[in-house]
Amino acid sequence: MATYDLVVIGAGIAGLTCAREARRLGAKVAIIERHSFGGDITNELVPTAVYSHASHLLGLVKSSGPLGVAAEETGLDLQRLHARAIEATAIIGYRLSAEKAERLGVDVYWGEASFLSADELRVDGDVLPAGEFVIATGSEPEAPSIKGLKESGYLTYPGILRLESIPRSIGVIGAGPFGLEFAQFLSRFGTEVTVFEQGDHILPDEDAELADFLEDTMAEQGISFYTGAKVTRVERVAEGCEVTVDMDGAEEKEVVQEVLVASGRRPATGGLNLRAASVAATPEGIVVDDELRTTMGNVWACGDVTGKRAWASVAAYQGRIAALNALAGAHRTANYEAIPMVIRTEPEIGRVGLTEEQAEAMLSSAAVSYSYFTDNDMAIITDQMIGFVKLIADAERSQLVGAHVIGPAASEIISELAFAIKCKSPLTELADLVHCYPSAGECIHQAAEDLVRQVEGS
Ligand SMILES: Cc1cc2nc3c(=O)[nH]c(=O)nc-3n(C[C@H](O)[C@H](O)[C@H](O)COP(=O)(O)OP(=O)(O)OC[C@H]3O[C@@H](n4cnc5c(N)ncnc54)[C@H](O)[C@@H]3O)c2cc1C
């Protein structure tokens with residue numbers, strides 16, 4: 001059996017990016033996958049994004065009356081949508097496939113990887129010795145321990161994406177980014193949706209102001225929310241499932257046809273036998289330092305399994321760093337402050353850097369500015385005026401530290417703000433940047449000018 005420079009465990013976006021970078025560096029590389037190449041990207045992200053896009057189109061068509069578009073009859077052909085999701089997944093999946101990896105010179109092993117020591121792994125009958133290892137095994141759903149939930153039966157994300165008909169009503173447990181994405185497309189497809197969130201507001205990790213705005217907007221779209229609501233019991237009844245919530249001591253009940261569990265993921269470390277390699281892990285993820293090195297010098301980790309931030313953008317970024325550090329001694333440190341993320345609701349959210357709450361806790365002087373899509377000519381032209389841009393600066397350094405966009409094209413225009421944070425651009429340069437006219441991005445110019453006025457008093 002060959003001795004490898006690097007063996008990567010897990011062929012999701014983190015592991016594949018790592019393996020690709022390792023090959024670029026000229027290393028002898030193997031990758032091990034137990035289920036399917038592409039991981040969550042092909043199994044969940046891409047089909048979900050296709051469903052979301054279809055629901056946005058439905059929303060657009062239904063609201064296009066003011067533009068003179070007569071579309072009284074709208075509907076959904078779920079079978080065609082499902083077929084398109086499979087098609088899009090196949091196209092994107094090819095780039096993440098075992099075949100593509102092999103073409104790049106990566107040896108592919110199928111099976112469950114398990115450490116024998118810090119120098120050897122077992123995969124089925126094979127033992128793979130290597131100088132360096134990268135753990136990129138991702139995360140897996142973890143159902144919360146709620147009385148009666150297991151017995152009542154519940155849906156998960158892949159379960160929803162395989163449904164042959166849309167449920168009449170659904171209770172979504174958890175108001176994180178993906179739970180809300182599912183809540184919204186189901187609502188647009190005709191399901192009556194109720195979301196239960198135990199935190200004080202939806203999207204507990206996001207800027208509270210944007211989370212509140214999104215909750216209000218989605219409520220206006222017809223979705224019901226219970227926040228500060230801990231689901232304590234789920235019980236099968238004749239009409240579906242009775243969901244009991246504890247709201248600060250008061251008990252409330254809601255009957256829904258189906259329940260979607262959209263809360264809780266755990267790092268996928270089961271079966272890896274980490275102890276044999278002296279790699280430490282907590283319930284949040286594998287312990288890594290800033291260079292993504294685990295507690296064993298020649299073992300690295302990247303992606304969801306590190307428990308940092310469960311986004312594909314982060315996983316790919318970490319995958320590259322792990323390869324560079326493991327094989328080229330690059331000593332790159334993972335810095336998450338300039339990595340943009342999208343929440344694919346409508347209005348969409350794009351976010352990079354600190355929330356206002358984090359900036360206030362971390363900086364001696366933070367400045368905040370806004371601009372609204374009601375003042376943006378492109379938004380007026382397209383009749384998509386819901387939302388705003390919120391910029392947060394370190395006033396002492398006159399630099400952007402956080403940017404949040406809720407509204408049209410948020411996931412696109414957030415990238416220039418990520419660039420400004422990454423390059424530590426002076427606020428004046430951000431305010432001077434010229435945008436196309438008309439475009440949603442002009443909102444950035446207005447908010448940045450306001451920040452300059454606040455910080456520099458000009
Ligand atoms: C519904 C949904 C929508 C999402 N939408 C977005 C989005 O719009 N934008 C975004 O940035 N992120 C999104 N994400 C998050 C994103 O998909 C993940 O953060 C990212 O794909 C994680 O990549 P990964 O490589 O770390 O892990 P994974 O993709 O989970 O890959 C890990 C791989 O390791 C394999 N594996 C595990 N254990 C072993 C073992 N012992 N031996 C061999 N193989 C093993 C698994 O089978 C899997 O293929 C979404 C996630 C979900 C669930």
# chains A, B, ... in the order shown; residues from 1 in each chain; ligands from 1
>>> residues_near_ligand(ligand="ligand 1", cutoff="6 Å", atoms="only C-alpha atoms and all ligand atoms", output="PyMOL selection string")
chain A and resi 9-15+32-41+44-45+48+111-113+136-139+157+178+268+271-272+303-305+310-313+315
>>> write_last_selection(atoms="N, CA and C atoms", output="short mmCIF file (atom, residue, chain, number, x, y, z; two decimals), in the first residue's frame")
data_model
loop_
_atom_site.label_atom_id
_atom_site.label_comp_id
_atom_site.auth_asym_id
_atom_site.auth_seq_id
_atom_site.Cartn_x
_atom_site.Cartn_y
_atom_site.Cartn_z
N ILE A 9 -10.03 12.83 4.97
CA ILE A 9 -11.22 12.03 5.31
C ILE A 9 -12.46 12.89 5.08
N GLY A 10 -13.28 12.49 4.14
CA GLY A 10 -14.52 13.22 3.86
C GLY A 10 -14.41 14.01 2.57
N ALA A 11 -15.32 13.73 1.61
CA ALA A 11 -15.27 14.39 0.31
C ALA A 11 -16.40 15.39 0.14
N GLY A 12 -16.61 16.22 1.16
CA GLY A 12 -17.48 17.39 1.01
C GLY A 12 -16.64 18.53 0.45
N ILE A 13 -17.19 19.75 0.50
CA ILE A 13 -16.48 20.89 -0.10
C ILE A 13 -15.15 21.15 0.61
N ALA A 14 -15.11 20.93 1.93
CA ALA A 14 -13.86 21.17 2.68
C ALA A 14 -12.79 20.18 2.25
N GLY A 15 -13.13 18.89 2.26
CA GLY A 15 -12.15 17.86 1.92
C GLY A 15 -11.71 17.95 0.47
N ILE A 32 -10.98 9.83 1.29
CA ILE A 32 -11.85 8.72 1.70
C ILE A 32 -13.27 9.25 1.87
N GLU A 33 -14.24 8.56 1.29
CA GLU A 33 -15.64 8.99 1.44
C GLU A 33 -16.51 7.76 1.73
N ARG A 34 -17.42 7.91 2.69
CA ARG A 34 -18.23 6.74 3.06
C ARG A 34 -19.61 6.74 2.40
N HIS A 35 -20.01 7.91 1.87
CA HIS A 35 -21.39 7.98 1.38
C HIS A 35 -21.44 8.52 -0.05
N SER A 36 -21.34 9.87 -0.20
CA SER A 36 -21.35 10.41 -1.56
C SER A 36 -20.47 11.65 -1.64
N PHE A 37 -19.77 11.78 -2.78
CA PHE A 37 -18.93 12.95 -2.99
C PHE A 37 -19.80 14.21 -3.04
N GLY A 38 -19.24 15.31 -2.55
CA GLY A 38 -20.00 16.57 -2.54
C GLY A 38 -20.62 16.85 -1.19
N GLY A 39 -20.86 15.79 -0.39
CA GLY A 39 -21.41 15.96 0.96
C GLY A 39 -22.69 16.79 0.96
N ASP A 40 -22.76 17.73 1.89
CA ASP A 40 -23.98 18.53 2.04
C ASP A 40 -24.27 19.42 0.84
N ILE A 41 -23.25 19.76 0.07
CA ILE A 41 -23.48 20.62 -1.09
C ILE A 41 -24.45 19.93 -2.05
N GLU A 44 -27.90 18.52 0.07
CA GLU A 44 -28.85 19.45 0.69
C GLU A 44 -28.79 20.86 0.12
N LEU A 45 -27.59 21.46 0.07
CA LEU A 45 -27.51 22.88 -0.29
C LEU A 45 -28.10 23.17 -1.68
N THR A 48 -31.89 22.57 -2.08
CA THR A 48 -32.61 23.57 -1.29
C THR A 48 -32.61 24.92 -2.00
N GLY A 111 -15.46 4.08 1.84
CA GLY A 111 -15.64 3.37 3.10
C GLY A 111 -15.52 4.31 4.28
N GLU A 112 -15.68 3.73 5.45
CA GLU A 112 -15.65 4.51 6.70
C GLU A 112 -14.21 4.54 7.22
N ALA A 113 -13.66 5.74 7.42
CA ALA A 113 -12.27 5.85 7.87
C ALA A 113 -12.21 5.80 9.39
N ALA A 136 -12.20 16.04 7.48
CA ALA A 136 -13.17 16.96 6.87
C ALA A 136 -14.52 16.23 6.80
N THR A 137 -14.93 15.67 7.92
CA THR A 137 -16.09 14.77 7.93
C THR A 137 -17.43 15.48 8.12
N GLY A 138 -17.41 16.82 8.23
CA GLY A 138 -18.67 17.57 8.24
C GLY A 138 -19.48 17.43 9.52
N SER A 139 -20.77 17.66 9.37
CA SER A 139 -21.67 17.58 10.52
C SER A 139 -22.89 16.78 10.12
N TYR A 157 -34.51 17.99 6.41
CA TYR A 157 -34.38 18.71 5.12
C TYR A 157 -34.47 17.76 3.93
N PHE A 178 -31.33 27.83 7.68
CA PHE A 178 -31.90 26.85 6.76
C PHE A 178 -33.35 26.53 7.14
N ALA A 268 -19.51 15.34 12.78
CA ALA A 268 -19.54 13.91 12.42
C ALA A 268 -18.19 13.28 12.75
N GLY A 271 -16.99 6.99 14.95
CA GLY A 271 -16.32 5.96 14.15
C GLY A 271 -14.91 6.33 13.73
N LEU A 272 -14.48 7.58 13.94
CA LEU A 272 -13.13 7.98 13.48
C LEU A 272 -12.02 7.46 14.40
N GLY A 303 -13.73 22.55 7.77
CA GLY A 303 -15.16 22.41 7.47
C GLY A 303 -16.01 22.33 8.72
N ASP A 304 -17.25 21.88 8.52
CA ASP A 304 -18.24 21.86 9.60
C ASP A 304 -17.75 21.12 10.84
N VAL A 305 -16.88 20.12 10.65
CA VAL A 305 -16.45 19.30 11.79
C VAL A 305 -15.66 20.11 12.82
N ALA A 310 -20.84 26.84 10.16
CA ALA A 310 -21.23 25.78 9.22
C ALA A 310 -21.74 26.38 7.91
N TRP A 311 -20.80 26.93 7.12
CA TRP A 311 -21.13 27.48 5.81
C TRP A 311 -20.17 26.91 4.79
N ALA A 312 -20.67 26.70 3.59
CA ALA A 312 -19.81 26.16 2.53
C ALA A 312 -18.64 27.09 2.26
N SER A 313 -18.89 28.41 2.32
CA SER A 313 -17.81 29.38 2.04
C SER A 313 -16.68 29.19 3.06
N ALA A 315 -16.07 26.40 4.82
CA ALA A 315 -15.49 25.05 4.66
C ALA A 315 -14.43 25.04 3.56
#
>>> residues_around(residues="Val237 in chain A", least_positions_apart="5", cutoff="9 Å", atoms="only C-alpha atoms", output="PyMOL selection string")
chain A and resi 152+242+255
>>> residues_around(residues="Tyr154 in chain A", least_positions_apart="2", cutoff="8 Å", atoms="only C-alpha atoms", output="PyMOL selection string")
chain A and resi 149-150+152+156+258-261
>>> write_last_selection(atoms="N, CA and C atoms", output="compact mmCIF listing (two decimals), in the first residue's frame")
# COMPACT_ATOMS: atom_id res chain seq x y z
N LEU A 149 -41.19 13.32 20.31
CA LEU A 149 -40.81 13.70 18.94
C LEU A 149 -40.50 12.48 18.07
N LYS A 150 -39.66 11.60 18.61
CA LYS A 150 -39.23 10.42 17.84
C LYS A 150 -40.44 9.54 17.50
N SER A 152 -43.56 10.38 17.32
CA SER A 152 -44.54 11.03 16.43
C SER A 152 -44.09 11.00 14.98
N THR A 156 -36.99 15.81 7.98
CA THR A 156 -35.70 16.51 7.97
C THR A 156 -35.61 17.24 6.63
N GLU A 258 -47.42 18.18 9.81
CA GLU A 258 -46.06 17.61 9.88
C GLU A 258 -45.16 18.50 10.73
N VAL A 259 -44.06 17.90 11.18
CA VAL A 259 -43.05 18.66 11.93
C VAL A 259 -41.72 18.54 11.18
N LEU A 260 -41.05 19.69 10.99
CA LEU A 260 -39.69 19.69 10.42
C LEU A 260 -38.71 20.05 11.53
N VAL A 261 -37.76 19.17 11.77
CA VAL A 261 -36.73 19.50 12.77
C VAL A 261 -35.60 20.23 12.04
>>> atom_distance(atom1="CA of Gly353 in chain A", atom2="CA of Gly402 in chain A")
4.2 Å
>>> atom_distance(atom1="CA of Lys424 in chain A", atom2="CA of Ala403 in chain A")
13.2 Å
>>> closest_residue(among="A:Arg332, A:Lys253, A:Arg397, A:Arg103", to="Asp290 in chain A", atoms="only C-alpha atoms")
A:Arg332
>>> select_by_dssp(residues="range 373-423 of chain A", states="strand (DSSP E)", output="list in words")
Phe388, Val389, Lys390, Leu391, Ile392, Ala393, Asp394, Gln399, Leu400, Val401, Gly402, Ala403, His404, Val405 and Ile406 of chain A
>>> residues_around(residues="Lys100 in chain A", least_positions_apart="5", cutoff="12 Å", atoms="only C-alpha atoms", output="ChimeraX atom specification")
/A:11,16,19-20,37-38,92-95,105-108
>>> closest_residue(among="A:Thr17, A:Ser369, A:Ala208, A:Cys302", to="Asp394 in chain A", atoms="only C-alpha atoms")
A:Ser369
>>> select_by_dssp(residues="range 139-176 of chain A", states="alpha helix (DSSP H)", output="mmCIF file with C-alpha atoms, in the first residue's frame")
data_model
loop_
_atom_site.group_PDB
_atom_site.id
_atom_site.type_symbol
_atom_site.label_atom_id
_atom_site.label_comp_id
_atom_site.auth_asym_id
_atom_site.auth_seq_id
_atom_site.Cartn_x
_atom_site.Cartn_y
_atom_site.Cartn_z
ATOM 1 C CA LEU A 149 -40.811 13.702 18.937
ATOM 2 C CA LYS A 150 -39.234 10.424 17.839
ATOM 3 C CA GLU A 151 -42.448 8.438 18.336
ATOM 4 C CA SER A 152 -44.540 11.028 16.431
ATOM 5 C CA TYR A 157 -34.382 18.714 5.124
ATOM 6 C CA PRO A 158 -33.770 15.805 2.706
ATOM 7 C CA GLY A 159 -37.195 14.382 3.625
ATOM 8 C CA ILE A 160 -38.897 17.638 2.579
ATOM 9 C CA LEU A 161 -36.946 17.718 -0.691
#
>>> closest_residue(among="A:Ala323, A:Val69, A:Met218, A:Val245", to="Lys230 in chain A", atoms="only C-alpha atoms")
A:Val245
>>> closest_atom_pairs(of="range 247-346 of chain A", to="range 184-188 of chain A", cutoff="10 Å", atoms="only C-alpha atoms", output="tab-separated table")
residue	atom	partner	partner_atom	distance
A:Arg344	CA	A:Gln184	CA	9.5
A:Thr345	CA	A:Gln184	CA	6.8
A:Glu346	CA	A:Gln184	CA	7.8
>>> residues_around(residues="Gly190 in chain A", least_positions_apart="6", cutoff="10 Å", atoms="only C-alpha atoms", output="ChimeraX atom specification")
/A:75-76,166-169,184
>>> residues_around(residues="Ile91 in chain A", least_positions_apart="4", cutoff="12 Å", atoms="only C-alpha atoms", output="number ranges by chain")
A: 38, 42, 46-47, 84-87, 95-97
